[in-house]
Number of protein chains: 2
Amino acid sequence: MANEKPRQRRKEARPSEILQAALLEFSENGFAGAKIEAIAARAGVAKGTVYIYYSTKEEIFEAIVRAKVSPVFNLIAGIVKLWPGSQATLLKKIITRFYSEMVENDERRMILKTLISESDRFEELAKFYHKEIIVGARKMISQIIQKGIDKGEFRDSPIKYEPAVIMGPAMFAAVWKMSFEKAEKLNTKRWLEAHIDLIVNGLRKTSDDK
Amino acid sequence: MANEKPRQRRKEARPSEILQAALLEFSENGFAGAKIEAIAARAGVAKGTVYIYYSTKEEIFEAIVRAKVSPVFNLIAGIVKLWPGSQATLLKKIITRFYSEMVENDERRMILKTLISESDRFEELAKFYHKEIIVGARKMISQIIQKGIDKGEFRDSPIKYEPAVIMGPAMFAAVWKMSFEKAEKLNTKRWLEAHIDLIVNGLRKTSDDK
DNA sequence: TTCGCTAGTGACCCGCCGGTCACTTAATCA
DNA sequence: TGATTAAGTGACCGGCGGGTCACTAGCGAA
């Protein structure tokens, strides 16, 4: 199998091509199992070329996270802005969106998986993810809940001190898909429905509340 | 640094000592990062001795999971049996127990982390874990919820089709402690309170329900 | 058209670690 | 107390893959 394609110089296009290839390779093999040579092959370059643009395997993974993580948050933040309906409907919308963007999206789920697996190796990156996703999302949910309480739609509960709790079932779903999918396929639609039912009813004010 | 201790033959004690040492080593370094030689050192034996009892690194990890996972389930199952109080109180009890045994227990949290990280490598083991923990816990929760519905304590909701959803926040807490603890320490007590509040209120029947 | 710069190449190097095995020695028993 | 057995040892092997670098060649400038 001789080398077919003529060598080309494409300084601009390489980094993103390598990143995309790396994302695939990481998805399939995890961080430790991913081979630089395989990434290079997927990107249609030689091993050495990868090292022109990124100097270590870690650096490649970091670049992927930075490129793929922030967009999700911005997308969801866009929904929240100037939402006209009820807070409950807004929460439903956000949770549903989160499932499609994080739980069901293979690439981003793999990023999360690698982050969990390698959080010691990537301490700085875990902090970045925490700051970019967790803190931002929490603040957003917190505001939604507070507004719901103010409007009399939600009851006042300890959840306002730990708003991220309401995303728990989504995290479980993501972990399930990472680990147990081969043992039992997750019925994501049914899971999402149960999740939304639980949190909407768990938050809403009823005539039983004083 | 010469070799101090006299060689000893302790066929019975070795396996559990090696397992305990391996648990520590895996906890600190993950599966890929764990070195057999380090496990041997922690267990106070030579590398070769480890291989007398276990023939691969995988086998050591499998033995750990099998030894440590099932007891938790049995322990929790014991609580459920013949519970005299309300279903809501029983759920609280179980969830609280789950936090102390899985979320806050470093060893078992590490087992879960490794299982998530290496689920492809340990497909059989993931199935074992799924069968031993997920399926069992789900059935248990399902029965509790159904009984609550029958007694008129809980409302009838889609959660009965995905009962594991209610453990979602605990999974999130575990993932948090695996990955983001250095960025922001989790307030487990407050988190647990919010979790319980959410699910108890999410399930219970109110006079608003038809 | 030639020249110089630098993107691109891939054979090679090297450290690491899982796993082996010829050897050592503790324990047992006649 | 010498012989026998098997637990225990650790130097060594092999492959694997991250990272290097001397070399090749595409491309813009002069």
# chains A, B, ... in the order shown; residues from 1 in each chain; ligands from 1
>>> interface_residues(of="chain B", to="chain A", cutoff="6 Å", atoms="only C-alpha atoms", output="ChimeraX atom specification")
/B:116-117,119,127,158-159,162,165,168-169,171-172,179,183,191,194,198,201-202
>>> interface_residues(of="chain A", to="chain D", cutoff="10 Å", atoms="only C-alpha atoms (C1' of nucleotides)", output="PDB file with C-alpha atoms, in the first residue's frame")
ATOM      1  CA  PRO A   6       0.420  14.217  -3.184  1.00  0.00           C
ATOM      2  CA  ARG A   7       1.722  16.141  -0.236  1.00  0.00           C
ATOM      3  CA  GLN A   8      -0.083  19.414   0.347  1.00  0.00           C
ATOM      4  CA  ARG A   9       0.571  22.485   2.463  1.00  0.00           C
ATOM      5  CA  GLY A  33      -6.173   4.149  24.024  1.00  0.00           C
ATOM      6  CA  ALA A  34      -6.089   6.869  21.407  1.00  0.00           C
ATOM      7  CA  LYS A  35      -2.987   6.679  19.211  1.00  0.00           C
ATOM      8  CA  ILE A  36      -1.433   9.778  17.697  1.00  0.00           C
ATOM      9  CA  GLU A  37      -0.628   7.803  14.585  1.00  0.00           C
ATOM     10  CA  LYS A  47       2.321  11.539  12.546  1.00  0.00           C
ATOM     11  CA  GLY A  48       4.919  14.281  12.516  1.00  0.00           C
ATOM     12  CA  TYR A  51       3.186  17.582  16.288  1.00  0.00           C
ATOM     13  CA  SER A  55       2.920  19.372  21.058  1.00  0.00           C
ATOM     14  CA  THR A  56       1.349  16.675  23.229  1.00  0.00           C
ATOM     15  CA  LYS A  57      -1.653  14.390  23.315  1.00  0.00           C
TER      16      LYS A  57
END
>>> residues_around(residues="B:Ile79", least_positions_apart="2", cutoff="12 Å", atoms="only C-alpha atoms (C1' of nucleotides)", output="compact mmCIF listing (two decimals) with C-alpha atoms, in the first residue's frame")
# COMPACT_ATOMS: atom_id res chain seq x y z
CA VAL B 72 -23.90 -2.64 49.22
CA PHE B 73 -26.95 -3.92 47.49
CA ASN B 74 -27.63 -6.54 50.12
CA LEU B 75 -27.23 -3.98 52.83
CA ILE B 76 -29.81 -1.69 51.27
CA ALA B 77 -32.16 -4.57 50.49
CA LYS B 81 -37.61 -5.63 54.02
CA LEU B 82 -40.53 -5.18 56.38
CA TRP B 83 -40.26 -1.40 56.61
CA PRO B 84 -43.00 -0.18 58.96
CA GLY B 85 -43.19 3.55 58.15
CA THR B 89 -39.50 7.92 54.73
CA LEU B 90 -38.22 4.65 53.33
CA LEU B 91 -37.06 6.39 50.17
CA LYS B 92 -35.29 9.03 52.24
CA LYS B 93 -33.57 6.33 54.23
CA ILE B 94 -32.42 4.48 51.14
CA ILE B 95 -31.19 7.57 49.36
CA THR B 96 -29.30 8.71 52.43
CA ARG B 97 -27.73 5.31 52.73
CA PHE B 98 -26.76 5.35 49.10
CA MET B 140 -36.62 -2.18 44.71
CA ILE B 144 -41.62 1.20 46.87
>>> interface_residues(of="chain C", to="chain B", cutoff="8 Å", atoms="only C-alpha atoms (C1' of nucleotides)", output="number ranges by chain")
C: 17-18, 25-27
>>> select_by_dssp(residues="chain A", states="alpha helix (DSSP H)", output="VMD selection string")
chain A and resid 14 to 33 36 to 43 47 to 53 57 to 80 87 to 98 106 to 117 123 to 129 136 to 151 168 to 179 188 to 203
>>> residues_around(residues="A:Val69", least_positions_apart="3", cutoff="9 Å", atoms="only C-alpha atoms (C1' of nucleotides)", output="NGL selection string")
:A and (64-66 or 72-73 or 108 or 111 or 129 or 132-133)
>>> write_last_selection(atoms="C-alpha atoms", output="mmCIF file, in the first residue's frame")
data_model
loop_
_atom_site.group_PDB
_atom_site.id
_atom_site.type_symbol
_atom_site.label_atom_id
_atom_site.label_comp_id
_atom_site.auth_asym_id
_atom_site.auth_seq_id
_atom_site.Cartn_x
_atom_site.Cartn_y
_atom_site.Cartn_z
ATOM 1 C CA ILE A 64 -11.182 19.770 21.731
ATOM 2 C CA VAL A 65 -12.828 20.578 25.028
ATOM 3 C CA ARG A 66 -12.356 24.303 24.609
ATOM 4 C CA VAL A 72 -23.531 24.365 24.174
ATOM 5 C CA PHE A 73 -23.764 26.725 27.053
ATOM 6 C CA ARG A 108 -19.880 15.702 23.786
ATOM 7 C CA ILE A 111 -15.748 14.562 26.175
ATOM 8 C CA TYR A 129 -15.380 22.680 32.374
ATOM 9 C CA GLU A 132 -17.896 27.004 31.774
ATOM 10 C CA ILE A 133 -20.721 24.504 32.244
#
